[in-house]
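Each remark here refers to the structure printed beneath this line.
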Number of protein chains: 2
Amino acid sequence: MEVVDTTFLDGLLGYNARRAALAVIEVFLARMAVYALRPVDFSVLSLVVHNAGITSRQLCTTLGILPPNLVPLVGALERRGLIERKPHPRDGRATGLHPTEAAQSLMRKAERTAAELEAEVGGRLTASEMRTLLRLLRKVYQRP
Amino acid sequence: MEVVDTTFLDGLLGYNARRAALAVIEVFLARMAVYALRPVDFSVLSLVVHNAGITSRQLCTTLGILPPNLVPLVGALERRGLIERKPHPRDGRATGLHPTEAAQSLMRKAERTAAELEAEVGGRLTASEMRTLLRLLRKVYQRP
DNA sequence: TATTGTTATACTCTATAACTATA
DNA sequence: TATAGTTATAGAGTATAACAATA
């Protein structure tokens, strides 16, 4: 096939960040299939495990998910026996989300797999380059 | 609101790349609204302008779009008088996509705006950091 | 009056199967 | 037989409006 000139797009941060994200997510989907966890499930469950009692509102704010879209997501994780809802100790409107033992066991394995696949995808980057990349990406999306 | 521990997610390339891409795309959508160009329209039109006669197949391969999803996209740009279809000189199955004068005029402005908003979004990065970031992102998604 | 969680719903994006015309 | 382009359609992801319960 003839060569396509992508010079202009190659200089755009949005274009490259999206392509890189999709490349990583593609590998993520394949490697996490054994746990039946999509990226969004993994993110939610990781936050619940590391922040027992976190509320739906906190999950939405942290992950950029709209509240109506989180409802079926948490519902599915609850039906899988990975999340338990308990009344919030200080706010009667809110519900605290807690990881079950099964969730903690699952996420120990899933987080190890995530670390492995990251190393695999970033295999052509040195450890120093990876640290730099993560730092610069955060600088882009973390509004001061 | 109480602080949420995001330590684990913060170390993941996929998570950070996606957040950064979404942050840039958000600004892109706002600034490109005057041209009525979404990111995908911009990408397609940019490639057509810089590769007159490019085929749908080449666009799909380059941008990671599935052929059935490109059809209405190119159709809309054609109806807006930005793309013209001409028979491919050497392959009767294919169609060459060509930019109209209107498209070239529009993209001169749109590409200038894109460069501006990139500088705006990456405002907290030095020019050197931006070059490094783009290089490392390409290294992630360009399979050798 | 504002916020948490929820329902219903619409819209966009992405994916799959199958067809035609040409190579 | 394989490829370029297309149609129809299904599924996933994302968005807004409106409501009940509580602050």
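Convention: chains lettered A, B, ... in structure tokens order; per-chain residue numbering from 1; ligands numbered from 1 as shown.
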Superimposed copy of chain B on chain A by least squares over C-alpha atoms, as a compact mmCIF listing (two decimals) with C-alpha atoms, in the first residue's frame:
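Output (part14.txt):
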# COMPACT_ATOMS: atom_id res chain seq x y z
CA MET B 1 0.00 0.22 -0.13
CA GLU B 2 1.18 3.71 -0.86
CA VAL B 3 2.59 5.70 2.03
CA VAL B 4 0.23 8.13 3.74
CA ASP B 5 1.57 11.46 4.99
CA THR B 6 0.54 11.76 8.65
CA THR B 7 2.97 14.54 9.48
CA PHE B 8 0.40 16.95 10.84
CA LEU B 9 -1.49 14.46 13.01
CA ASP B 10 1.79 13.07 14.34
CA GLY B 11 2.46 16.44 15.95
CA LEU B 12 -0.84 16.50 17.85
CA LEU B 13 -0.94 15.49 21.51
CA GLY B 14 -4.61 14.49 21.41
CA TYR B 15 -4.10 12.19 18.44
CA ASN B 16 -1.07 10.45 19.90
CA ALA B 17 -2.49 10.16 23.42
CA ARG B 18 -5.65 8.57 22.06
CA ARG B 19 -3.75 6.10 19.87
CA ALA B 20 -1.51 5.12 22.79
CA ALA B 21 -4.47 4.72 25.15
CA LEU B 22 -6.29 2.50 22.63
CA ALA B 23 -3.17 0.36 22.15
CA VAL B 24 -2.85 -0.24 25.89
CA ILE B 25 -6.59 -0.85 26.36
CA GLU B 26 -6.54 -3.45 23.58
CA VAL B 27 -3.96 -5.49 25.48
CA PHE B 28 -5.78 -4.81 28.75
CA LEU B 29 -9.04 -6.26 27.40
CA ALA B 30 -7.29 -9.44 26.28
CA ARG B 31 -5.30 -10.02 29.48
CA MET B 32 -8.16 -9.12 31.85
CA ALA B 33 -10.71 -11.32 30.10
CA VAL B 34 -9.91 -14.17 32.53
CA TYR B 35 -11.14 -11.96 35.38
CA ALA B 36 -14.12 -10.68 33.36
CA LEU B 37 -12.99 -7.12 34.06
CA ARG B 38 -13.17 -4.30 31.55
CA PRO B 39 -10.96 -1.26 32.17
CA VAL B 40 -13.85 0.57 33.86
CA ASP B 41 -14.65 -2.41 36.13
CA PHE B 42 -10.99 -2.65 37.05
CA SER B 43 -10.78 1.07 37.87
CA VAL B 44 -13.90 1.01 40.02
CA LEU B 45 -12.93 -2.17 41.86
CA SER B 46 -9.37 -0.95 42.40
CA LEU B 47 -10.67 2.24 44.01
CA VAL B 48 -13.17 0.33 46.16
CA VAL B 49 -10.45 -2.07 47.35
CA HIS B 50 -8.05 0.76 48.21
CA ASN B 51 -10.80 3.03 49.58
CA ALA B 52 -13.25 0.85 51.52
CA GLY B 53 -16.49 2.75 52.09
CA ILE B 54 -16.04 5.05 49.07
CA THR B 55 -19.27 6.53 47.73
CA SER B 56 -20.66 6.42 44.19
CA ARG B 57 -20.23 10.16 43.99
CA GLN B 58 -16.54 9.88 44.82
CA LEU B 59 -16.09 7.17 42.20
CA CYS B 60 -17.79 9.33 39.57
CA THR B 61 -15.71 12.39 40.36
CA THR B 62 -12.44 10.49 40.47
CA LEU B 63 -12.97 8.46 37.30
CA GLY B 64 -14.96 10.97 35.25
CA ILE B 65 -18.03 8.73 35.06
CA LEU B 66 -21.52 10.23 35.04
CA PRO B 67 -23.67 9.03 37.97
CA PRO B 68 -26.39 7.39 35.82
CA ASN B 69 -23.73 5.32 34.07
CA LEU B 70 -22.19 4.09 37.30
CA VAL B 71 -25.41 2.56 38.60
CA PRO B 72 -25.55 -0.59 36.41
CA LEU B 73 -21.78 -0.91 36.75
CA VAL B 74 -21.83 -1.10 40.55
CA GLY B 75 -24.97 -3.24 40.39
CA ALA B 76 -23.20 -5.85 38.29
CA LEU B 77 -20.18 -5.95 40.62
CA GLU B 78 -22.56 -6.32 43.57
CA ARG B 79 -24.36 -9.24 41.91
CA ARG B 80 -20.99 -10.88 41.30
CA GLY B 81 -20.35 -10.73 45.03
CA LEU B 82 -17.46 -8.28 44.69
CA ILE B 83 -19.01 -5.19 46.27
CA GLU B 84 -21.19 -4.76 49.37
CA ARG B 85 -23.28 -1.67 50.10
CA LYS B 86 -23.37 -0.39 53.68
CA PRO B 87 -25.06 2.75 55.01
CA HIS B 88 -22.73 5.73 55.11
CA PRO B 89 -21.78 6.48 58.74
CA ARG B 90 -22.34 10.24 58.50
CA ASP B 91 -24.59 10.86 55.46
CA GLY B 92 -27.94 9.14 55.19
CA ARG B 93 -28.20 9.91 51.48
CA ALA B 94 -24.97 8.16 50.59
CA THR B 95 -24.01 4.50 50.44
CA GLY B 96 -20.55 3.20 51.31
CA LEU B 97 -19.15 0.67 48.85
CA HIS B 98 -17.00 -2.05 50.39
CA PRO B 99 -14.89 -4.78 48.78
CA THR B 100 -15.73 -8.39 49.66
CA GLU B 101 -13.04 -10.95 50.43
CA ALA B 102 -13.58 -12.27 46.90
CA ALA B 103 -12.91 -8.80 45.48
CA GLN B 104 -9.70 -8.39 47.45
CA SER B 105 -8.48 -11.79 46.32
CA LEU B 106 -9.46 -11.08 42.70
CA MET B 107 -7.84 -7.66 42.64
CA ARG B 108 -4.57 -8.90 44.12
CA LYS B 109 -4.29 -11.10 41.03
CA ALA B 110 -5.76 -8.56 38.61
CA GLU B 111 -3.49 -5.76 39.76
CA ARG B 112 -0.48 -8.04 39.37
CA THR B 113 -1.63 -8.86 35.83
CA ALA B 114 -2.13 -5.16 35.12
CA ALA B 115 1.42 -4.39 36.20
CA GLU B 116 2.68 -7.21 33.96
CA LEU B 117 0.83 -6.11 30.86
CA GLU B 118 1.93 -2.53 31.37
CA ALA B 119 5.53 -3.71 31.34
CA GLU B 120 4.72 -5.73 28.23
CA VAL B 121 3.10 -2.85 26.35
CA GLY B 122 5.77 -0.43 27.47
CA GLY B 123 8.43 -2.97 26.63
CA ARG B 124 10.17 -0.67 24.22
CA LEU B 125 10.40 2.05 26.87
CA THR B 126 13.04 2.04 29.58
CA ALA B 127 11.91 2.30 33.20
CA SER B 128 13.09 5.88 33.19
CA GLU B 129 11.15 6.69 30.02
CA MET B 130 8.00 5.13 31.50
CA ARG B 131 8.30 7.29 34.63
CA THR B 132 8.77 10.38 32.45
CA LEU B 133 5.79 9.45 30.28
CA LEU B 134 3.46 8.99 33.27
CA ARG B 135 4.62 12.25 34.82
CA LEU B 136 4.04 14.24 31.61
CA LEU B 137 0.62 12.64 31.01
CA ARG B 138 -0.51 13.59 34.51
CA LYS B 139 0.75 17.10 33.90
CA VAL B 140 -1.56 17.30 30.88
CA TYR B 141 -4.83 16.27 32.55
CA GLN B 142 -4.32 17.46 36.13
CA ARG B 143 -5.75 20.95 36.07
CA PRO B 144 -4.11 23.02 38.83
Report as a ChimeraX atom specification the set of chain D residues whose atoms approach chain A to within 12 Å, with distances computed over only C-alpha atoms (C1' of nucleotides).
/D:12-17,20-23
For chain C, report every residue with an atom at most 9 Å from chain B (counting only C-alpha atoms (C1' of nucleotides)), formatted as a tab-separated table (two decimals) with N, CA and C atoms (P, O5', C5', C4', C3', O3' and C1' of nucleotides), in the first residue's frame.
chain	number	residue	atom	x	y	z
C	14	DT	P	-15.14	5.43	18.26
C	14	DT	O5'	-15.57	3.89	18.24
C	14	DT	C5'	-15.75	3.20	19.47
C	14	DT	C4'	-16.25	1.80	19.20
C	14	DT	C3'	-15.46	1.04	18.13
C	14	DT	O3'	-15.01	-0.18	18.70
C	14	DT	C1'	-17.78	0.86	17.75
C	15	DA	P	-14.18	-1.26	17.82
C	15	DA	O5'	-15.26	-2.37	17.45
C	15	DA	C5'	-16.01	-2.98	18.48
C	15	DA	C4'	-16.97	-4.00	17.89
C	15	DA	C3'	-16.36	-4.90	16.82
C	15	DA	O3'	-16.60	-6.26	17.15
C	15	DA	C1'	-18.36	-3.88	16.01
C	21	DA	P	-23.62	-5.00	-8.54
C	21	DA	O5'	-22.03	-4.84	-8.64
C	21	DA	C5'	-21.53	-3.49	-8.71
C	21	DA	C4'	-20.03	-3.48	-8.65
C	21	DA	C3'	-19.34	-4.01	-9.92
C	21	DA	O3'	-18.51	-2.98	-10.44
C	21	DA	C1'	-18.33	-4.93	-7.98
C	22	DT	P	-17.82	-3.13	-11.86
C	22	DT	O5'	-16.33	-3.54	-11.44
C	22	DT	C5'	-15.56	-2.62	-10.70
C	22	DT	C4'	-14.35	-3.30	-10.12
C	22	DT	C3'	-13.38	-3.87	-11.16
C	22	DT	O3'	-12.15	-3.15	-11.06
C	22	DT	C1'	-13.72	-5.36	-9.34
C	23	DA	P	-10.92	-3.47	-12.00
C	23	DA	O5'	-10.09	-4.54	-11.16
C	23	DA	C5'	-9.41	-4.09	-9.99
C	23	DA	C4'	-8.60	-5.22	-9.39
C	23	DA	C3'	-7.72	-5.95	-10.40
C	23	DA	O3'	-6.39	-5.46	-10.27
C	23	DA	C1'	-8.92	-7.48	-8.96
How many Å separate atom C1' of C:DA10 from atom C1' of D:DT7?
23.4 Å
Could you pull out the helix (DSSP H, G or I) residues of chain B, going by DSSP on the backbone, and write them as number ranges by chain?
B: 7-10, 13-31, 33-35, 39-50, 56-63, 67-79, 101-124, 127-141
Separation of atom C1' of C:DT20 and atom C1' of D:DA10, in Å?
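For atom C1' of C:DT20 relative to atom C1' of D:DA10, the distance reads 22.6 Å.
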Atom C1' of D:DT9 and atom C1' of C:DC13, how far apart in Å?
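For atom C1' of C:DC13 relative to atom C1' of D:DT9, the distance reads 14.1 Å.
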